[in-house]
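Q: Here it is: the structure, laid out below.
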Amino acid sequence: MKYLPLIWAGLWRKRARTILTLLSVAVAFVLFGVMHGVVAGIDGMVANMSDTRLRIQSRVNITEPLPLAHLARIESVEGIGTVGYYNFFGGYYQEPSQGVAVGAVDVDRLAAIFPEVDMPKDAVEAMRETRNGALIGRDLAAQRGWKVGDRIPIRSSIWQRKDGAVEWTFEVLGVYEFADGKIPSNEMWINYGYFDEARAAGNGTVTLYFAHIADPKRAAELAEKVDRLFANSTFETSTQNERDWIRGRIAQIGDIGFFVNAIIGAVMFALLFLTGNTMMQSVRERIPELAVLKTYGYSNVGVTALVFAESILLCAAAAGLGLGIASLASPRVFRALGAGGMGMPVSVVATGLALAVLVAVVSALPPARRAHTLKIVDALAGR
């Protein structure tokens with residue numbers, strides 16, 4: 001700690017240059033934190049998915065419906081327990097730009113298959129008795145300002161009502177959330193029976209099924225059995241365990257990890273030149289001062305260590321500032337992406353600080369080498 005004033009004085013010799021460099025490094029690590037936070041958050045969400053659930057959809061693609069008649073046949077497979085179903089609604093609130101994730105479900109079946117979802121018992125009971133009732137996620141409620149008792153008019157870009165009405169009005173009966181808070185709760189769930197009866201087309205079909213299994217080791221075997229039930233039929237199925245199904249949906253967007261790493265890699269490469277140039281200029285301007293330090297008894301290693309410490313302090317402080325801003329900004333960014341339950345993992349902060357130290361060390365190598373090999377006579381003579 002006794003060398004800190006000396007390091008600090010070196011950093012603030014040129015205040016404008018130090019501040020601009022610090023801000024540049026901070027902005028780079030804001031980008032690092034937010035982008036890697038998204039990837040790490042998604043990975044964490046997938047890792048928290050159950051290994052005792054299968055998801056069954058059309059073999060063609062997710063948009064092709066499956067008959068509700070499949071339900072009984074899926075439940076007949078030995079090893080499969082409760083089976084639930086889900087129908088995508090494609091809803092929006094007031095304007096098409098204000099999309100709302102809405103799914104038509106059987107709440108009792110959903111509660112049995114997803115025990116990690118905290119649904120108030122009185123709300124589940126109310127859903128049985130209120131045909132146009134709805135449960136909303138905690139994140140969705142916070143985002144929209146909706147509460148229990150509100151009547152929410154929702155329009156659909158896919159499903160029209162049989163009676164010609166342009167809106168579906170749902171009464172909010174309760175708020176659900178995932179117990180661990182790591183999975184976004186940004187969806188509205190409505191009664192499938194009410195939805196299916198009121199829609200003008202597609203009656204008696206669902207988007208996908210959820211199937212609970214007791215033994216996760218049999219997931220592949222049971223998935224094959226389910227698909228074999230409907231092989232060579234008009235409505236063939238594709239069955240996967242929940243984690244693989246989610247990974248497949250993410251993979252359709254693209255290799256997010258590769259794109260993020262490519263962007264961050266380019267930013268860090270440019271950052272090396274920026275911080276390296278700053279340290280080169282700083283050391284060049286202080287050559288006589290470094291020579292004086294050596295005359296006072298500082299060894300070559302000691303002077304070199306001061307250069308490295310100066311670079312590490314600058315980069316670590318700026319990275320800490322950037323990662324702090326990213327941590328504060330991440331919940332809002334994730335909410336904008338429809339993942340309100342996610343937050344930036346601590347591992348991203350640790351990785352960012354380690355990367356900042358690496359950037360500092362690499363960028364300080366050339367000026368540190370010059371300081372190490374500096375000859376007192378030549379430095380004081382201006383050679």
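Residues are named by chain letter and number: chains run A, B, ... in the order of the structure tokens, numbers start at 1 in each chain, and ligands are numbered from 1 in the order shown.
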Quick one: residues within 10 Å of region 13-25 of chain A, only C-alpha atoms counted, chain neighbours fewer than 2 positions away excluded, as a PyMOL selection string?

A: chain A and resi 8-11+27-30+267-268+271-272+274-275+277-279+281-282+285-286+314-322+356

Q: From a DSSP calculation on the backbone, collect every residue of region 58-177 of chain A in alpha helix (DSSP H) and output the set as a ChimeraX atom specification.

A: /A:70-75,107-113,121-129,138-144

Q: May I have the residues from that selection written out with N, CA and C atoms, as a compact mmCIF listing (two decimals), in the first residue's frame?

A:
```txt
# COMPACT_ATOMS: atom_id res chain seq x y z
N HIS A 70 -54.51 -36.69 -29.16
CA HIS A 70 -53.24 -37.35 -28.85
C HIS A 70 -53.06 -37.55 -27.34
N LEU A 71 -53.76 -36.75 -26.55
CA LEU A 71 -53.55 -36.74 -25.10
C LEU A 71 -53.68 -38.12 -24.49
N ALA A 72 -54.78 -38.79 -24.76
CA ALA A 72 -55.03 -40.11 -24.16
C ALA A 72 -53.98 -41.12 -24.59
N ARG A 73 -53.57 -41.08 -25.83
CA ARG A 73 -52.58 -42.05 -26.33
C ARG A 73 -51.21 -41.81 -25.69
N ILE A 74 -50.86 -40.54 -25.49
CA ILE A 74 -49.58 -40.24 -24.84
C ILE A 74 -49.60 -40.73 -23.39
N GLU A 75 -50.72 -40.50 -22.70
CA GLU A 75 -50.84 -40.93 -21.31
C GLU A 75 -50.82 -42.45 -21.17
N VAL A 107 -54.93 -25.59 -16.24
CA VAL A 107 -54.16 -25.17 -15.06
C VAL A 107 -53.88 -26.33 -14.11
N ASP A 108 -54.84 -27.22 -13.92
CA ASP A 108 -54.63 -28.34 -13.00
C ASP A 108 -53.51 -29.25 -13.50
N ARG A 109 -53.52 -29.55 -14.77
CA ARG A 109 -52.45 -30.38 -15.34
C ARG A 109 -51.10 -29.66 -15.26
N LEU A 110 -51.12 -28.35 -15.54
CA LEU A 110 -49.89 -27.57 -15.50
C LEU A 110 -49.30 -27.57 -14.09
N ALA A 111 -50.14 -27.40 -13.09
CA ALA A 111 -49.67 -27.38 -11.70
C ALA A 111 -49.04 -28.70 -11.31
N ALA A 112 -49.59 -29.81 -11.84
CA ALA A 112 -49.06 -31.14 -11.50
C ALA A 112 -47.71 -31.39 -12.18
N ILE A 113 -47.54 -30.84 -13.38
CA ILE A 113 -46.31 -31.10 -14.14
C ILE A 113 -45.19 -30.13 -13.76
N LYS A 121 -53.18 -21.25 -4.40
CA LYS A 121 -54.25 -22.24 -4.50
C LYS A 121 -55.61 -21.60 -4.77
N ASP A 122 -55.84 -20.43 -4.16
CA ASP A 122 -57.13 -19.78 -4.40
C ASP A 122 -57.25 -19.31 -5.84
N ALA A 123 -56.10 -18.94 -6.46
CA ALA A 123 -56.12 -18.51 -7.86
C ALA A 123 -56.41 -19.69 -8.78
N VAL A 124 -55.81 -20.86 -8.46
CA VAL A 124 -56.07 -22.06 -9.26
C VAL A 124 -57.54 -22.44 -9.14
N GLU A 125 -58.10 -22.37 -7.94
CA GLU A 125 -59.51 -22.68 -7.73
C GLU A 125 -60.38 -21.70 -8.50
N ALA A 126 -60.01 -20.43 -8.50
CA ALA A 126 -60.78 -19.41 -9.22
C ALA A 126 -60.72 -19.66 -10.72
N MET A 127 -59.60 -20.18 -11.22
CA MET A 127 -59.48 -20.47 -12.65
C MET A 127 -60.47 -21.56 -13.06
N ARG A 128 -60.73 -22.49 -12.16
CA ARG A 128 -61.67 -23.57 -12.48
C ARG A 128 -63.09 -23.01 -12.64
N GLU A 129 -63.39 -21.96 -11.90
CA GLU A 129 -64.74 -21.43 -11.86
C GLU A 129 -64.95 -20.23 -12.79
N ARG A 138 -45.15 -12.93 -12.40
CA ARG A 138 -44.71 -11.81 -11.57
C ARG A 138 -43.99 -10.76 -12.41
N ASP A 139 -43.15 -11.18 -13.35
CA ASP A 139 -42.42 -10.23 -14.20
C ASP A 139 -43.36 -9.46 -15.11
N LEU A 140 -44.36 -10.17 -15.66
CA LEU A 140 -45.33 -9.51 -16.54
C LEU A 140 -46.14 -8.49 -15.75
N ALA A 141 -46.53 -8.84 -14.53
CA ALA A 141 -47.30 -7.91 -13.69
C ALA A 141 -46.48 -6.65 -13.40
N ALA A 142 -45.19 -6.83 -13.11
CA ALA A 142 -44.33 -5.68 -12.82
C ALA A 142 -44.12 -4.82 -14.06
N GLN A 143 -43.99 -5.48 -15.21
CA GLN A 143 -43.74 -4.75 -16.45
C GLN A 143 -44.96 -3.93 -16.88
N ARG A 144 -46.15 -4.52 -16.76
CA ARG A 144 -47.37 -3.87 -17.26
C ARG A 144 -48.14 -3.11 -16.18
```

Q: Residues at most 10 Å from Ile190 (chain A), counting only C-alpha atoms, excluding those fewer than 5 positions away in the same chain, as a compact mmCIF listing (two decimals) with C-alpha atoms, in the first residue's frame?

A:
```txt
# COMPACT_ATOMS: atom_id res chain seq x y z
CA TYR A 86 -50.33 -25.67 -24.34
CA ASN A 87 -51.71 -23.59 -27.19
CA PHE A 89 -52.15 -17.44 -28.49
CA VAL A 102 -50.24 -15.76 -23.78
CA GLY A 103 -50.72 -19.51 -23.54
CA ALA A 104 -53.95 -21.51 -23.27
CA VAL A 105 -53.50 -24.33 -20.73
CA ASP A 106 -55.24 -26.70 -18.38
CA VAL A 107 -54.16 -25.17 -15.06
CA MET A 127 -59.48 -20.47 -12.65
CA ARG A 131 -63.82 -19.39 -17.73
CA ASN A 132 -62.19 -16.15 -18.91
CA GLY A 133 -59.82 -16.05 -15.93
CA ALA A 134 -56.08 -15.63 -16.30
CA LEU A 135 -52.91 -16.08 -14.29
CA ILE A 136 -50.06 -13.66 -14.98
CA PHE A 170 -59.46 -11.83 -19.40
CA GLU A 171 -59.84 -11.27 -15.68
CA VAL A 172 -56.60 -11.50 -13.69
CA PHE A 195 -60.24 -20.42 -25.59
```

Q: For Ile287 (chain A), which residue among A:Ile154, A:Leu374, A:Val77, A:Ala309 is the nearest when counting only C-alpha atoms?

A: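 So, comparing all the options, the nearest one is A:Leu374.
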
Q: Measuring atom to atom with only C-alpha atoms, identify which of A:Ser156, A:Ser311, A:Thr239, A:Thr207 is nearest to Ala101 (chain A).

A: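 Among A:Ser156, A:Ser311, A:Thr239, A:Thr207, it is A:Ser156 that comes nearest to Ala101 (chain A).
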
Q: State, in Å with one decimal place, the distance from CA of Ile62 (chain A) to CA of Asp227 (chain A).

A: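 Separation of CA of Ile62 (chain A) and CA of Asp227 (chain A): 15.1 Å.
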
Q: At a cut-off of 12 Å, using only C-alpha atoms, what residues contact Val283 (chain A)? Leave out same-chain residues fewer than 5 positions from it and give the result as an MDAnalysis selection string.

A: chainID A and resid 7 10:11 13:14 276:278 288:291 303:304 306:308 310:311 364:372 374 379

Q: Looking at only C-alpha atoms, which of A:Tyr209, A:Tyr85, A:Tyr176, A:Trp245 is the one that sits closest to Lys147 (chain A)?

A: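 Ranking A:Tyr209, A:Tyr85, A:Tyr176, A:Trp245 by distance to Lys147 (chain A), first place goes to A:Tyr176.
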